[in-house]
Structures are given as structure tokens and as C-alpha cells.
$ cat work_31.cif   # mmCIF, C-alpha atoms
data_input
#
loop_
_atom_site.group_PDB
_atom_site.id
_atom_site.type_symbol
_atom_site.label_atom_id
_atom_site.label_comp_id
_atom_site.auth_asym_id
_atom_site.auth_seq_id
_atom_site.Cartn_x
_atom_site.Cartn_y
_atom_site.Cartn_z
ATOM 1 C CA MET Q 1 9.672 14.768 44.352
ATOM 2 C CA LYS Q 2 7.525 17.354 42.567
ATOM 3 C CA ASN Q 3 5.204 19.548 44.596
ATOM 4 C CA PRO Q 4 1.776 17.798 44.460
ATOM 5 C CA TYR Q 5 -0.049 21.133 44.143
ATOM 6 C CA GLU Q 6 2.011 21.925 41.034
ATOM 7 C CA VAL Q 7 1.415 18.452 39.623
ATOM 8 C CA LEU Q 8 -2.360 18.935 39.882
ATOM 9 C CA GLY Q 9 -2.143 22.564 38.800
ATOM 10 C CA VAL Q 10 -3.996 23.938 41.829
ATOM 11 C CA ALA Q 11 -3.167 26.487 44.508
ATOM 12 C CA PRO Q 12 -2.416 25.401 48.109
ATOM 13 C CA THR Q 13 -5.682 27.094 49.073
ATOM 14 C CA ALA Q 14 -7.771 24.944 46.683
ATOM 15 C CA SER Q 15 -10.845 23.268 48.123
ATOM 16 C CA ALA Q 16 -11.359 19.499 48.128
ATOM 17 C CA ALA Q 17 -13.872 19.876 45.283
ATOM 18 C CA GLU Q 18 -11.392 21.900 43.208
ATOM 19 C CA MET Q 19 -8.722 19.294 43.921
ATOM 20 C CA GLN Q 20 -10.992 16.488 42.777
ATOM 21 C CA SER Q 21 -12.035 18.368 39.637
ATOM 22 C CA ALA Q 22 -8.413 19.024 38.668
ATOM 23 C CA TYR Q 23 -7.509 15.387 39.194
ATOM 24 C CA ARG Q 24 -10.452 14.088 37.174
ATOM 25 C CA LYS Q 25 -9.563 16.377 34.284
ATOM 26 C CA LEU Q 26 -5.934 15.214 34.223
ATOM 27 C CA ALA Q 27 -6.794 11.547 34.772
ATOM 28 C CA LYS Q 28 -9.199 11.501 31.843
ATOM 29 C CA LYS Q 29 -6.459 12.965 29.665
ATOM 30 C CA LEU Q 30 -3.542 10.810 30.839
ATOM 31 C CA HIS Q 31 -4.961 7.458 31.965
ATOM 32 C CA PRO Q 32 -3.018 4.552 30.355
ATOM 33 C CA ASP Q 33 -6.220 2.829 29.223
ATOM 34 C CA LEU Q 34 -6.969 5.925 27.136
ATOM 35 C CA ASN Q 35 -3.377 6.200 25.884
ATOM 36 C CA PRO Q 36 -2.269 2.649 25.107
ATOM 37 C CA GLY Q 37 1.462 2.374 24.506
ATOM 38 C CA ASP Q 38 2.162 5.996 25.524
ATOM 39 C CA LYS Q 39 4.824 5.652 28.258
ATOM 40 C CA THR Q 40 5.053 9.415 28.778
ATOM 41 C CA ALA Q 41 1.324 9.691 29.496
ATOM 42 C CA GLU Q 42 1.554 6.696 31.839
ATOM 43 C CA GLU Q 43 4.387 8.266 33.853
ATOM 44 C CA LYS Q 44 2.516 11.577 34.100
ATOM 45 C CA PHE Q 45 -0.619 9.739 35.231
ATOM 46 C CA LYS Q 46 1.378 8.095 38.011
ATOM 47 C CA GLU Q 47 2.529 11.522 39.186
ATOM 48 C CA VAL Q 48 -1.017 12.908 39.066
ATOM 49 C CA ALA Q 49 -2.486 9.897 40.883
ATOM 50 C CA GLY Q 50 0.251 10.101 43.523
ATOM 51 C CA ALA Q 51 -0.372 13.812 44.052
ATOM 52 C CA TYR Q 52 -4.106 13.306 44.447
ATOM 53 C CA ASP Q 53 -3.603 10.308 46.722
ATOM 54 C CA LEU Q 54 -1.735 12.681 49.024
ATOM 55 C CA LEU Q 55 -3.817 15.853 48.731
ATOM 56 C CA GLY Q 56 -7.187 14.148 48.318
ATOM 57 C CA ASP Q 57 -6.853 12.728 51.826
ATOM 58 C CA ALA Q 58 -7.584 15.504 54.300
ATOM 59 C CA GLU Q 59 -5.300 14.090 56.993
ATOM 60 C CA LYS Q 60 -2.370 13.513 54.592
ATOM 61 C CA ARG Q 61 -2.836 16.981 53.108
ATOM 62 C CA LYS Q 62 -2.778 18.549 56.552
ATOM 63 C CA ARG Q 63 0.427 16.722 57.476
ATOM 64 C CA PHE Q 64 2.047 17.678 54.146
ATOM 65 C CA ASP Q 65 1.113 21.336 54.549
ATOM 66 C CA SER Q 66 2.592 21.312 58.062
ATOM 67 C CA GLY Q 67 5.808 19.722 56.822
ATOM 68 C CA GLU Q 68 5.384 16.417 58.680
ATOM 69 C CA ILE Q 69 5.515 14.335 55.469
ATOM 70 C CA ASP Q 70 7.034 14.908 52.052
ATOM 71 C CA ALA Q 71 5.472 14.607 48.585
ATOM 72 C CA SER Q 72 5.943 10.816 48.637
ATOM 73 C CA GLY Q 73 4.075 10.496 51.943
ATOM 74 C CA ALA Q 74 7.275 9.690 53.845
ATOM 75 C CA GLU Q 75 7.893 11.079 57.306
ATOM 76 C CA ARG Q 76 10.331 13.976 56.972
ATOM 77 C CA PRO Q 77 12.446 13.064 60.030
ATOM 78 C CA GLN Q 78 13.132 9.651 58.507
ATOM 79 C CA HIS Q 79 14.952 10.601 55.316
ATOM 80 C CA GLN Q 80 17.225 7.616 55.635
ATOM 81 C CA TYR Q 81 14.189 5.399 54.905
ATOM 82 C CA TYR Q 82 13.136 7.290 51.805
ATOM 83 C CA ARG Q 83 13.811 4.348 49.495
ATOM 84 C CA ASP Q 84 11.576 2.138 51.622
ATOM 85 C CA PHE Q 85 8.716 4.612 51.374
ATOM 86 C CA ALA Q 86 9.288 5.156 47.678
ATOM 87 C CA GLY Q 87 9.137 1.415 47.060
ATOM 88 C CA ALA Q 88 5.930 0.908 49.033
ATOM 89 C CA ASP Q 89 2.519 0.584 47.396
ATOM 90 C CA GLN Q 90 1.779 4.262 48.018
ATOM 91 C CA GLY Q 91 4.773 5.085 45.823
ATOM 92 C CA HIS Q 92 3.016 3.390 42.877
ATOM 93 C CA PRO Q 93 -0.501 4.863 42.851
ATOM 94 C CA TYR Q 94 -1.187 3.403 39.405
ATOM 95 C CA ALA Q 95 -1.323 -0.046 41.018
ATOM 96 C CA ASP Q 96 -4.299 0.694 43.302
ATOM 97 C CA THR Q 97 -7.524 2.710 43.355
ATOM 98 C CA ALA Q 98 -6.885 4.849 46.440
ATOM 99 C CA GLY Q 99 -6.320 7.979 44.364
ATOM 100 C CA PHE Q 100 -9.786 7.993 42.850
ATOM 101 C CA ALA Q 101 -11.873 5.934 45.255
ATOM 102 C CA ASP Q 102 -13.862 8.945 46.425
ATOM 103 C CA PHE Q 103 -15.532 9.537 43.060
ATOM 104 C CA MET Q 104 -15.860 5.981 41.737
ATOM 105 C CA ASP Q 105 -19.627 5.782 42.030
ATOM 106 C CA ALA Q 106 -21.678 3.298 40.030
ATOM 107 C CA ASP Q 107 -22.960 5.934 37.601
ATOM 108 C CA ASP Q 108 -19.565 7.353 36.707
ATOM 109 C CA ALA Q 109 -18.527 6.037 33.265
ATOM 110 C CA PHE Q 110 -14.923 7.086 33.748
ATOM 111 C CA ALA Q 111 -14.740 5.357 37.121
ATOM 112 C CA GLU Q 112 -16.019 2.175 35.465
ATOM 113 C CA LEU Q 113 -13.260 2.480 32.878
ATOM 114 C CA LEU Q 114 -10.731 2.698 35.693
ATOM 115 C CA ARG Q 115 -12.225 -0.345 37.386
ATOM 116 C CA ARG Q 116 -12.113 -2.333 34.170
ATOM 117 C CA GLY Q 117 -8.533 -1.250 33.617
ATOM 118 C CA GLN Q 118 -7.554 -2.388 37.099
ATOM 119 C CA ARG Q 119 -9.218 -5.783 36.589
ATOM 120 C CA GLY Q 120 -7.522 -6.091 33.207
ATOM 121 C CA ARG Q 121 -4.113 -5.423 34.740
ATOM 122 C CA ALA Q 122 -4.741 -7.985 37.460
ATOM 123 C CA ASN Q 123 -5.502 -10.587 34.754
ATOM 124 C CA ARG Q 124 -3.180 -9.343 32.064
ATOM 125 C CA ARG Q 125 -2.402 -11.494 29.023
ATOM 126 C CA GLY Q 126 1.236 -12.432 28.620
ATOM 127 C CA GLN Q 127 3.403 -10.693 26.046
ATOM 128 C CA ASP Q 128 3.923 -12.108 22.573
ATOM 129 C CA MET Q 129 7.453 -13.332 21.914
ATOM 130 C CA GLN Q 130 9.190 -13.043 18.540
ATOM 131 C CA PHE Q 131 11.624 -15.551 17.047
ATOM 132 C CA ARG Q 132 13.337 -16.128 13.690
ATOM 133 C CA LEU Q 133 13.517 -19.584 12.128
ATOM 134 C CA PRO Q 134 15.708 -20.398 9.077
ATOM 135 C CA ILE Q 135 14.418 -23.185 6.797
ATOM 136 C CA ASP Q 136 15.591 -24.741 3.533
ATOM 137 C CA PHE Q 137 14.048 -23.682 0.223
ATOM 138 C CA VAL Q 138 12.639 -27.164 -0.386
ATOM 139 C CA GLU Q 139 11.011 -27.129 3.083
ATOM 140 C CA SER Q 140 9.256 -23.869 2.177
ATOM 141 C CA ILE Q 141 7.700 -25.572 -0.865
ATOM 142 C CA VAL Q 142 6.700 -28.971 0.526
ATOM 143 C CA GLY Q 143 6.361 -28.130 4.251
ATOM 144 C CA ALA Q 144 8.233 -29.518 7.238
ATOM 145 C CA ASN Q 145 8.221 -30.038 10.999
ATOM 146 C CA LYS Q 146 10.944 -27.987 12.718
ATOM 147 C CA ARG Q 147 12.126 -27.593 16.313
ATOM 148 C CA LEU Q 148 13.146 -24.131 17.489
ATOM 149 C CA THR Q 149 15.543 -23.828 20.441
ATOM 150 C CA LEU Q 150 14.675 -20.879 22.697
ATOM 151 C CA PRO Q 151 17.175 -18.596 24.488
ATOM 152 C CA ASP Q 152 16.250 -20.184 27.846
ATOM 153 C CA GLY Q 153 17.003 -23.664 26.554
ATOM 154 C CA GLY Q 154 13.388 -24.643 25.917
ATOM 155 C CA THR Q 155 12.071 -25.737 22.544
ATOM 156 C CA LEU Q 156 9.087 -25.064 20.299
ATOM 157 C CA ASP Q 157 7.813 -27.485 17.667
ATOM 158 C CA VAL Q 158 6.856 -25.535 14.548
ATOM 159 C CA LYS Q 159 4.841 -26.937 11.643
ATOM 160 C CA ILE Q 160 5.872 -25.295 8.363
ATOM 161 C CA PRO Q 161 2.924 -25.273 5.927
ATOM 162 C CA PRO Q 162 3.633 -26.014 2.231
ATOM 163 C CA GLY Q 163 4.124 -22.936 0.064
ATOM 164 C CA LEU Q 164 5.362 -20.615 2.798
ATOM 165 C CA VAL Q 165 7.299 -17.518 1.625
ATOM 166 C CA ASP Q 166 10.335 -15.741 3.055
ATOM 167 C CA GLY Q 167 9.434 -13.353 5.886
ATOM 168 C CA GLN Q 168 6.060 -14.970 6.598
ATOM 169 C CA VAL Q 169 5.114 -15.015 10.298
ATOM 170 C CA LEU Q 170 3.588 -18.070 11.971
ATOM 171 C CA ARG Q 171 1.616 -17.601 15.209
ATOM 172 C CA LEU Q 172 1.734 -20.286 17.899
ATOM 173 C CA LYS Q 173 -1.079 -19.436 20.305
ATOM 174 C CA GLY Q 174 -0.289 -19.637 24.006
ATOM 175 C CA LYS Q 175 3.431 -20.249 23.460
ATOM 176 C CA GLY Q 176 4.591 -16.778 24.493
ATOM 177 C CA ALA Q 177 5.259 -15.243 27.931
ATOM 178 C CA PRO Q 178 2.914 -16.275 30.792
ATOM 179 C CA GLY Q 179 0.151 -13.888 31.799
ATOM 180 C CA ALA Q 180 -0.890 -12.504 35.196
ATOM 181 C CA GLY Q 181 -3.821 -13.868 37.194
ATOM 182 C CA LYS Q 182 -6.379 -15.348 34.838
ATOM 183 C CA GLY Q 183 -4.736 -13.767 31.818
ATOM 184 C CA GLY Q 184 -3.551 -16.385 29.364
ATOM 185 C CA ALA Q 185 -0.074 -16.708 27.927
ATOM 186 C CA GLY Q 186 0.934 -14.619 24.925
ATOM 187 C CA ASP Q 187 1.707 -16.063 21.519
ATOM 188 C CA ALA Q 188 4.978 -17.019 19.870
ATOM 189 C CA LEU Q 189 5.474 -15.191 16.570
ATOM 190 C CA ILE Q 190 7.841 -17.125 14.304
ATOM 191 C CA GLU Q 191 9.279 -15.184 11.348
ATOM 192 C CA VAL Q 192 10.496 -17.680 8.774
ATOM 193 C CA GLU Q 193 13.681 -17.075 6.793
ATOM 194 C CA VAL Q 194 13.845 -19.145 3.586
ATOM 195 C CA LEU Q 195 17.488 -19.924 2.823
ATOM 196 C CA PRO Q 196 18.695 -19.605 -0.795
ATOM 197 C CA ASP Q 197 19.048 -22.793 -2.854
ATOM 198 C CA ARG Q 198 21.788 -23.101 -5.481
ATOM 199 C CA ARG Q 199 19.398 -24.972 -7.780
ATOM 200 C CA PHE Q 200 15.954 -23.359 -7.484
ATOM 201 C CA THR Q 201 14.551 -19.840 -7.617
ATOM 202 C CA ARG Q 202 10.948 -18.846 -7.011
ATOM 203 C CA GLU Q 203 8.638 -16.386 -8.776
ATOM 204 C CA GLY Q 204 5.181 -16.380 -7.248
ATOM 205 C CA ASP Q 205 4.102 -20.010 -7.000
ATOM 206 C CA ASP Q 206 6.333 -21.111 -9.908
ATOM 207 C CA ILE Q 207 9.921 -22.216 -9.481
ATOM 208 C CA SER Q 208 12.717 -22.353 -12.030
ATOM 209 C CA LEU Q 209 15.886 -24.354 -12.503
ATOM 210 C CA GLU Q 210 18.820 -24.073 -14.898
ATOM 211 C CA LEU Q 211 19.868 -27.572 -16.030
ATOM 212 C CA PRO Q 212 23.052 -28.424 -17.958
ATOM 213 C CA ILE Q 213 22.732 -30.860 -20.893
ATOM 214 C CA SER Q 214 25.360 -32.373 -23.168
ATOM 215 C CA LEU Q 215 25.796 -31.530 -26.829
ATOM 216 C CA SER Q 216 24.509 -34.946 -27.878
ATOM 217 C CA GLU Q 217 21.373 -34.528 -25.691
ATOM 218 C CA ALA Q 218 20.802 -31.118 -27.247
ATOM 219 C CA VAL Q 219 21.207 -32.355 -30.827
ATOM 220 C CA LEU Q 220 19.618 -35.772 -30.605
ATOM 221 C CA GLY Q 221 17.212 -35.282 -27.737
ATOM 222 C CA GLY Q 222 16.716 -37.798 -24.954
ATOM 223 C CA ARG Q 223 15.346 -38.407 -21.489
ATOM 224 C CA ILE Q 224 17.131 -36.890 -18.502
ATOM 225 C CA ARG Q 225 16.698 -36.759 -14.726
ATOM 226 C CA VAL Q 226 15.538 -33.405 -13.331
ATOM 227 C CA PRO Q 227 15.564 -32.443 -9.617
ATOM 228 C CA THR Q 228 12.315 -31.075 -8.133
ATOM 229 C CA PRO Q 229 11.398 -30.169 -4.532
ATOM 230 C CA THR Q 230 9.635 -33.521 -4.182
ATOM 231 C CA GLY Q 231 12.417 -35.596 -5.775
ATOM 232 C CA ASP Q 232 13.902 -36.323 -9.203
ATOM 233 C CA VAL Q 233 11.652 -36.899 -12.218
ATOM 234 C CA THR Q 234 12.347 -37.929 -15.833
ATOM 235 C CA MET Q 235 11.863 -35.342 -18.572
ATOM 236 C CA SER Q 236 12.158 -35.545 -22.355
ATOM 237 C CA VAL Q 237 14.536 -33.145 -24.120
ATOM 238 C CA PRO Q 238 13.399 -32.449 -27.712
ATOM 239 C CA LYS Q 239 15.860 -32.814 -30.591
ATOM 240 C CA GLY Q 240 17.626 -29.599 -31.498
ATOM 241 C CA SER Q 241 17.286 -28.043 -28.055
ATOM 242 C CA ASN Q 242 19.524 -25.067 -27.314
ATOM 243 C CA THR Q 243 20.793 -23.049 -24.384
ATOM 244 C CA GLY Q 244 17.824 -21.044 -23.203
ATOM 245 C CA THR Q 245 15.233 -23.613 -24.285
ATOM 246 C CA THR Q 246 12.705 -23.753 -21.426
ATOM 247 C CA LEU Q 247 10.572 -26.766 -20.601
ATOM 248 C CA ARG Q 248 7.718 -26.977 -18.105
ATOM 249 C CA LEU Q 249 7.022 -29.557 -15.413
ATOM 250 C CA LYS Q 250 3.367 -28.996 -14.572
ATOM 251 C CA GLY Q 251 2.380 -29.013 -10.890
ATOM 252 C CA LYS Q 252 5.941 -29.157 -9.536
ATOM 253 C CA GLY Q 253 5.914 -25.631 -8.077
ATOM 254 C CA ALA Q 254 4.579 -24.238 -4.815
ATOM 255 C CA PRO Q 255 0.953 -24.774 -3.718
ATOM 256 C CA HIS Q 256 -1.588 -22.119 -4.732
ATOM 257 C CA ARG Q 257 -3.497 -20.568 -1.843
ATOM 258 C CA GLY Q 258 -6.826 -21.546 -3.376
ATOM 259 C CA GLY Q 259 -5.726 -25.071 -4.333
ATOM 260 C CA GLY Q 260 -3.571 -26.576 -7.034
ATOM 261 C CA GLN Q 261 0.151 -26.180 -7.660
ATOM 262 C CA GLY Q 262 2.462 -23.864 -9.520
ATOM 263 C CA ASP Q 263 4.823 -25.198 -12.198
ATOM 264 C CA GLN Q 264 8.548 -25.793 -12.441
ATOM 265 C CA PHE Q 265 10.340 -24.315 -15.449
ATOM 266 C CA VAL Q 266 13.556 -25.968 -16.601
ATOM 267 C CA ARG Q 267 15.938 -23.769 -18.601
ATOM 268 C CA LEU Q 268 18.420 -25.840 -20.581
ATOM 269 C CA LYS Q 269 22.096 -24.941 -20.859
ATOM 270 C CA VAL Q 270 24.275 -26.755 -23.409
ATOM 271 C CA VAL Q 271 27.651 -27.599 -21.900
ATOM 272 C CA LEU Q 272 30.654 -28.914 -23.854
ATOM 273 C CA PRO Q 273 33.159 -31.352 -22.355
ATOM 274 C CA LYS Q 274 35.752 -29.706 -20.118
ATOM 275 C CA SER Q 275 38.696 -31.411 -21.830
ATOM 276 C CA PRO Q 276 39.286 -31.131 -25.625
ATOM 277 C CA ASP Q 277 37.577 -33.864 -27.679
ATOM 278 C CA PRO Q 278 39.547 -34.567 -30.905
ATOM 279 C CA GLU Q 279 36.639 -36.422 -32.479
ATOM 280 C CA LEU Q 280 34.281 -33.524 -31.845
ATOM 281 C CA GLU Q 281 36.842 -31.044 -33.149
ATOM 282 C CA ALA Q 282 37.334 -33.109 -36.335
ATOM 283 C CA PHE Q 283 33.579 -33.320 -36.865
ATOM 284 C CA VAL Q 284 33.056 -29.572 -36.513
ATOM 285 C CA THR Q 285 36.032 -28.854 -38.802
ATOM 286 C CA ASN Q 286 34.516 -31.019 -41.560
ATOM 287 C CA TRP Q 287 30.901 -29.980 -40.866
ATOM 288 C CA SER Q 288 30.080 -27.981 -43.979
ATOM 289 C CA ALA Q 289 26.652 -26.798 -42.788
ATOM 290 C CA GLY Q 290 28.244 -25.277 -39.693
ATOM 291 C CA LYS Q 291 30.334 -22.908 -41.809
ATOM 292 C CA ASP Q 292 27.198 -21.299 -43.251
ATOM 293 C CA PHE Q 293 25.388 -20.899 -39.910
ATOM 294 C CA ASN Q 294 25.715 -17.515 -38.169
ATOM 295 C CA PRO Q 295 23.986 -17.537 -34.724
ATOM 296 C CA ARG Q 296 24.489 -13.744 -34.427
ATOM 297 C CA GLU Q 297 22.851 -12.890 -37.708
ATOM 298 C CA ASP Q 298 19.703 -11.419 -36.119
ATOM 299 C CA ARG Q 299 21.818 -9.235 -33.780
ATOM 300 C CA THR Q 300 23.745 -7.379 -36.482
ATOM 301 C CA SER Q 301 22.507 -4.009 -37.740
#
$ encode --input "work_31.cif" --output "C-alpha cells"
Amino acid sequence: MKNPYEVLGVAPTASAAEMQSAYRKLAKKLHPDLNPGDKTAEEKFKEVAGAYDLLGDAEKRKRFDSGEIDASGAERPQHQYYRDFAGADQGHPYADTAGFADFMDADDAFAELLRRGQRGRANRRGQDMQFRLPIDFVESIVGANKRLTLPDGGTLDVKIPPGLVDGQVLRLKGKGAPGAGKGGAGDALIEVEVLPDRRFTREGDDISLELPISLSEAVLGGRIRVPTPTGDVTMSVPKGSNTGTTLRLKGKGAPHRGGGQGDQFVRLKVVLPKSPDPELEAFVTNWSAGKDFNPREDRTS
């Protein structure tokens, strides 16, 4: 245990007023309510409050100076019980107001801050809890109801809103860790992971899809079935379509934040039969116009 005089930065001959002044100065600098999230400041404040709890009490100070008790307030002849004394309330001065009770008058603004801090700790809100939830791409576009299994075996029902993006965090109020006293429970923060889809990609609120078509559909045109997040639809392929031709399905994308929907863009890809087709080969061999067509003409220098 550190010497309480050294902790407060005063000499052993310091008066009670000097002791109180030193403590107030350090407490205002280190109090956890003035340094939220600073664990180092909190630990130092505990030391300062413990030192003043000992030296600010005339009887305790007298017994410490005479060697009857140590810096923790434990009786020196009873070293074997040190852990018991260290674990008692007096070993955690941050948990009570004994250390600063003598200057907590009604007109002291700092004392009121300490009182509010103590009440806040007695009714502390529970901690927020963070989870990660994978969902399918289609669910991110149209929405879904999911059930998340927690590490303790419990579950959380999560409503996925339409149009959600990868990495977006959903907040479920009151579904986190329980609070203390009258403090309510914390929130559950659900980070959503949108899984890749082999068919769709997303750019903003629009989605795109590469769709194979046959040679006859490309040359002659026709109506084909196209997958969308809300189910298949029928789309017309114009005559003379080519690989790279892009068609639009209006309103089949993700919802806009202000209302309305994005679009789905369908990029066509002409695919020949996997096995050789003698009839097709004979046609191309005798197709006179094909011999004069050079698709790379605009790429030559």
C-alpha cells in the first residue's frame, strides 16, 4: 500500500484544512465523472479517496501515525487478515462518500457532482451488447425476420428492414445487459453482414445481373425469365442483342431512403451450345455476310 501522505502530496505535519484542500484539488482532477472512460484516472482517484478516508478522520490518522493500522486501515498485528480488510467497503472508497462527506455542503457544486455520480452508479444503465448477424443478399433487399442465437443460449428476434446495406448496425433497445437499481437494460447492437450472391451485385440502390442467352434468342429476340429479389419476371430481348447488351427492369432494385425503388440492370451474355452443333457449323461456313464482318475493326490502329 502506498503511503497516504505521499498519495495526497502533503507532509505528515499537514493540518486538516491542508489535507482537505489537497484532496479536493486531486478529486476535481481525477474524479471518474470528469474523466469518463479513463481507467487510469479512476484508479488514481480510488487511491486518493482511500488516502483521504484514512487521513481525513482524526482518529484513523492518529492510529496510522502511531503504527496501529496500515494504509488500508487494517490492524497491523493482524496481517493474516489483510485480504479481508482489503476486500471490505473501506478498501473501495470510490463506492461510498465517506472520503468527502466533510465538505459536501449544499452550496458546493463539486460535492453535488459527486452526489449525482453516486446516484448514477447506484442506478446504472446496463451495458450495450454487440452481435454480428449474417443474412442473404435477397433478404437485405426485401427485408426479413431473423432469429439470433446468443452465446448464453437465449435468442433475439431481429427485423431486417428492406434495403439494408452490409455493415449496417441495428439497435434493439433494452435487449442488452441488465442495469443496476433503477437503471434500465442496455441495448443490443446488431451488425449485419450481407452474404455475397452468385447472381446479384449491388451499386447504391441499383442491382445488376449477368444473364446468359442463346444464340437464337440473341439473333431473333424473344421473351425470357429473369430472376429478381422478389421472384422471376418475364423480359423481352430485342432482336440482334449481343454480349454486353444491358436491359433495365425498373423498380426491381433496393428501396430508396426517401421512397421509391432502385432498378435492376440485366447484362446479356451470348452463350453457344457446349457440344458441337453440325447444323450451326454448316450455317456459319456458308454464311457469306459473316465473312465480311470484323467485330474487332474499331479496335485496330
$ resolve_selection --input "work_31.cif" --expression "the PyMOL selection byres ((chain Q and resi 148) around 10)" --output "list of chain:residue names"
Q:Phe131, Q:Arg132, Q:Leu133, Q:Pro134, Q:Lys146, Q:Arg147, Q:Thr149, Q:Leu150, Q:Pro151, Q:Gly153, Q:Gly154, Q:Thr155, Q:Leu156, Q:Asp157, Q:Val158, Q:Ile190
$ closest_residue --input "work_31.cif" --among "Q:Glu279, Q:Asp65, Q:Asp136, Q:Glu43" --to "Arg198 of chain Q" --atoms "only C-alpha atoms"
Q:Asp136
$ resolve_selection --input "work_31.cif" --expression "the PyMOL selection byres ((chain Q and resi 223) around 9)" --output "ChimeraX atom specification"
/Q:217,221-222,224-225,234-238
$ resolve_selection --input "work_31.cif" --expression "the PyMOL selection byres ((chain Q and resi 163-165) around 10)" --output "list in words"
Phe137, Val138, Glu139, Ser140, Ile141, Val142, Gly143, Ile160, Pro161, Pro162, Asp166, Gly167, Gln168, Val169, Leu170, Val192, Glu193, Val194, Arg202, Gly204, Asp205, Gly253, Ala254, Pro255, His256, Arg257, Gln261 and Gly262 of chain Q
$ write_last_selection --input "work_31.cif" --atoms "C-alpha atoms" --output "PDB file, keeping the file's coordinate frame"
ATOM      1  CA  PHE Q 137      14.048 -23.682   0.223  1.00  0.00           C
ATOM      2  CA  VAL Q 138      12.639 -27.164  -0.386  1.00  0.00           C
ATOM      3  CA  GLU Q 139      11.011 -27.129   3.083  1.00  0.00           C
ATOM      4  CA  SER Q 140       9.256 -23.869   2.177  1.00  0.00           C
ATOM      5  CA  ILE Q 141       7.700 -25.572  -0.865  1.00  0.00           C
ATOM      6  CA  VAL Q 142       6.700 -28.971   0.526  1.00  0.00           C
ATOM      7  CA  GLY Q 143       6.361 -28.130   4.251  1.00  0.00           C
ATOM      8  CA  ILE Q 160       5.872 -25.295   8.363  1.00  0.00           C
ATOM      9  CA  PRO Q 161       2.924 -25.273   5.927  1.00  0.00           C
ATOM     10  CA  PRO Q 162       3.633 -26.014   2.231  1.00  0.00           C
ATOM     11  CA  ASP Q 166      10.335 -15.741   3.055  1.00  0.00           C
ATOM     12  CA  GLY Q 167       9.434 -13.353   5.886  1.00  0.00           C
ATOM     13  CA  GLN Q 168       6.060 -14.970   6.598  1.00  0.00           C
ATOM     14  CA  VAL Q 169       5.114 -15.015  10.298  1.00  0.00           C
ATOM     15  CA  LEU Q 170       3.588 -18.070  11.971  1.00  0.00           C
ATOM     16  CA  VAL Q 192      10.496 -17.680   8.774  1.00  0.00           C
ATOM     17  CA  GLU Q 193      13.681 -17.075   6.793  1.00  0.00           C
ATOM     18  CA  VAL Q 194      13.845 -19.145   3.586  1.00  0.00           C
ATOM     19  CA  ARG Q 202      10.948 -18.846  -7.011  1.00  0.00           C
ATOM     20  CA  GLY Q 204       5.181 -16.380  -7.248  1.00  0.00           C
ATOM     21  CA  ASP Q 205       4.102 -20.010  -7.000  1.00  0.00           C
ATOM     22  CA  GLY Q 253       5.914 -25.631  -8.077  1.00  0.00           C
ATOM     23  CA  ALA Q 254       4.579 -24.238  -4.815  1.00  0.00           C
ATOM     24  CA  PRO Q 255       0.953 -24.774  -3.718  1.00  0.00           C
ATOM     25  CA  HIS Q 256      -1.588 -22.119  -4.732  1.00  0.00           C
ATOM     26  CA  ARG Q 257      -3.497 -20.568  -1.843  1.00  0.00           C
ATOM     27  CA  GLN Q 261       0.151 -26.180  -7.660  1.00  0.00           C
ATOM     28  CA  GLY Q 262       2.462 -23.864  -9.520  1.00  0.00           C
TER      29      GLY Q 262
END
$ axis_aligned_box --input "work_31.cif" --around "segment 255-272 of chain Q" --padding-each-side "8 Å" --output "AutoDock Vina command-line options"
--center_x 11.9 --center_y -24.7 --center_z -12.8 --size_x 53.5 --size_y 24.3 --size_z 38.0
$ atom_distance --input "work_31.cif" --atom1 "atom CA of Gln20 of chain Q" --atom2 "atom CA of Arg124 of chain Q"
29.0 Å
$ closest_residue --input "work_31.cif" --among "Q:Lys29, Q:Lys2, Q:Lys39, Q:Lys239" --to "Ala51 of chain Q" --atoms "all atoms listed in the file"
Q:Lys2
$ residues_around --input "work_31.cif" --residues "Gln264 of chain Q" --least-positions-apart "3" --cutoff "7 Å" --atoms "all atoms listed in the file" --output "PyMOL selection string"
chain Q and resi 206-208+248-250+252-253
$ closest_residue --input "work_31.cif" --among "Q:Pro273, Q:Gly258, Q:Pro278, Q:Gly56" --to "Glu18 of chain Q" --atoms "all atoms listed in the file"
Q:Gly56
$ atom_distance --input "work_31.cif" --atom1 "atom CA of Lys46 of chain Q" --atom2 "atom CA of Val7 of chain Q"
10.5 Å
$ atom_distance --input "work_31.cif" --atom1 "atom CA of Leu34 of chain Q" --atom2 "atom CA of Met19 of chain Q"
21.5 Å
$ residues_around --input "work_31.cif" --residues "Asn242 of chain Q" --least-positions-apart "4" --cutoff "7 Å" --atoms "all atoms listed in the file" --output "list in words"
Ala218, Leu268, Lys269 and Val270 of chain Q
$ write_last_selection --input "work_31.cif" --atoms "C-alpha atoms" --output "PDB file, in the frame of the given file"
ATOM      1  CA  ALA Q 218      20.802 -31.118 -27.247  1.00  0.00           C
ATOM      2  CA  LEU Q 268      18.420 -25.840 -20.581  1.00  0.00           C
ATOM      3  CA  LYS Q 269      22.096 -24.941 -20.859  1.00  0.00           C
ATOM      4  CA  VAL Q 270      24.275 -26.755 -23.409  1.00  0.00           C
TER       5      VAL Q 270
END
$ closest_residue --input "work_31.cif" --among "Q:Pro227, Q:Leu26, Q:Leu280, Q:Trp287" --to "Val10 of chain Q" --atoms "all atoms listed in the file"
Q:Leu26
$ closest_residue --input "work_31.cif" --among "Q:Arg267, Q:Arg199, Q:Arg24, Q:Arg125" --to "Gly184 of chain Q" --atoms "all atoms listed in the file"
Q:Arg125
$ residues_around --input "work_31.cif" --residues "segment 174-183 of chain Q" --least-positions-apart "2" --cutoff "7 Å" --atoms "all atoms listed in the file" --output "VMD selection string"
chain Q and resid 122 to 129 172 185 to 188
$ closest_residue --input "work_31.cif" --among "Q:Val266, Q:Gly67, Q:Ala16, Q:Leu30" --to "Thr201 of chain Q" --atoms "only C-alpha atoms"
Q:Val266
$ residues_around --input "work_31.cif" --residues "Lys62 of chain Q" --least-positions-apart "6" --cutoff "12 Å" --atoms "all atoms listed in the file" --output "JSON, numbers by chain"
{"Q": [12, 13, 54, 55, 56, 68, 69, 70, 73]}
$ residues_around --input "work_31.cif" --residues "His31 of chain Q" --least-positions-apart "2" --cutoff "8 Å" --atoms "all atoms listed in the file" --output "number ranges by chain"
Q: 27-29, 33-35, 41-42, 45
$ decode --input "work_31.cif" --residues "segment 24-38 of chain Q" --atoms "C-alpha atoms" --output "compact mmCIF listing (two decimals), in the first residue's frame"
# COMPACT_ATOMS: atom_id res chain seq x y z
CA ARG Q 24 -10.30 18.46 -3.21
CA LYS Q 25 -7.71 19.53 -5.77
CA LEU Q 26 -6.88 15.93 -6.72
CA ALA Q 27 -10.50 14.78 -6.68
CA LYS Q 28 -11.58 17.52 -9.06
CA LYS Q 29 -8.81 16.46 -11.42
CA LEU Q 30 -9.27 12.68 -11.23
CA HIS Q 31 -12.94 12.00 -10.46
CA PRO Q 32 -14.38 9.39 -12.90
CA ASP Q 33 -17.41 11.56 -13.69
CA LEU Q 34 -14.99 14.19 -15.01
CA ASN Q 35 -12.87 11.61 -16.86
CA PRO Q 36 -15.33 9.19 -18.45
CA GLY Q 37 -13.66 6.07 -19.79
CA ASP Q 38 -10.24 6.94 -18.30
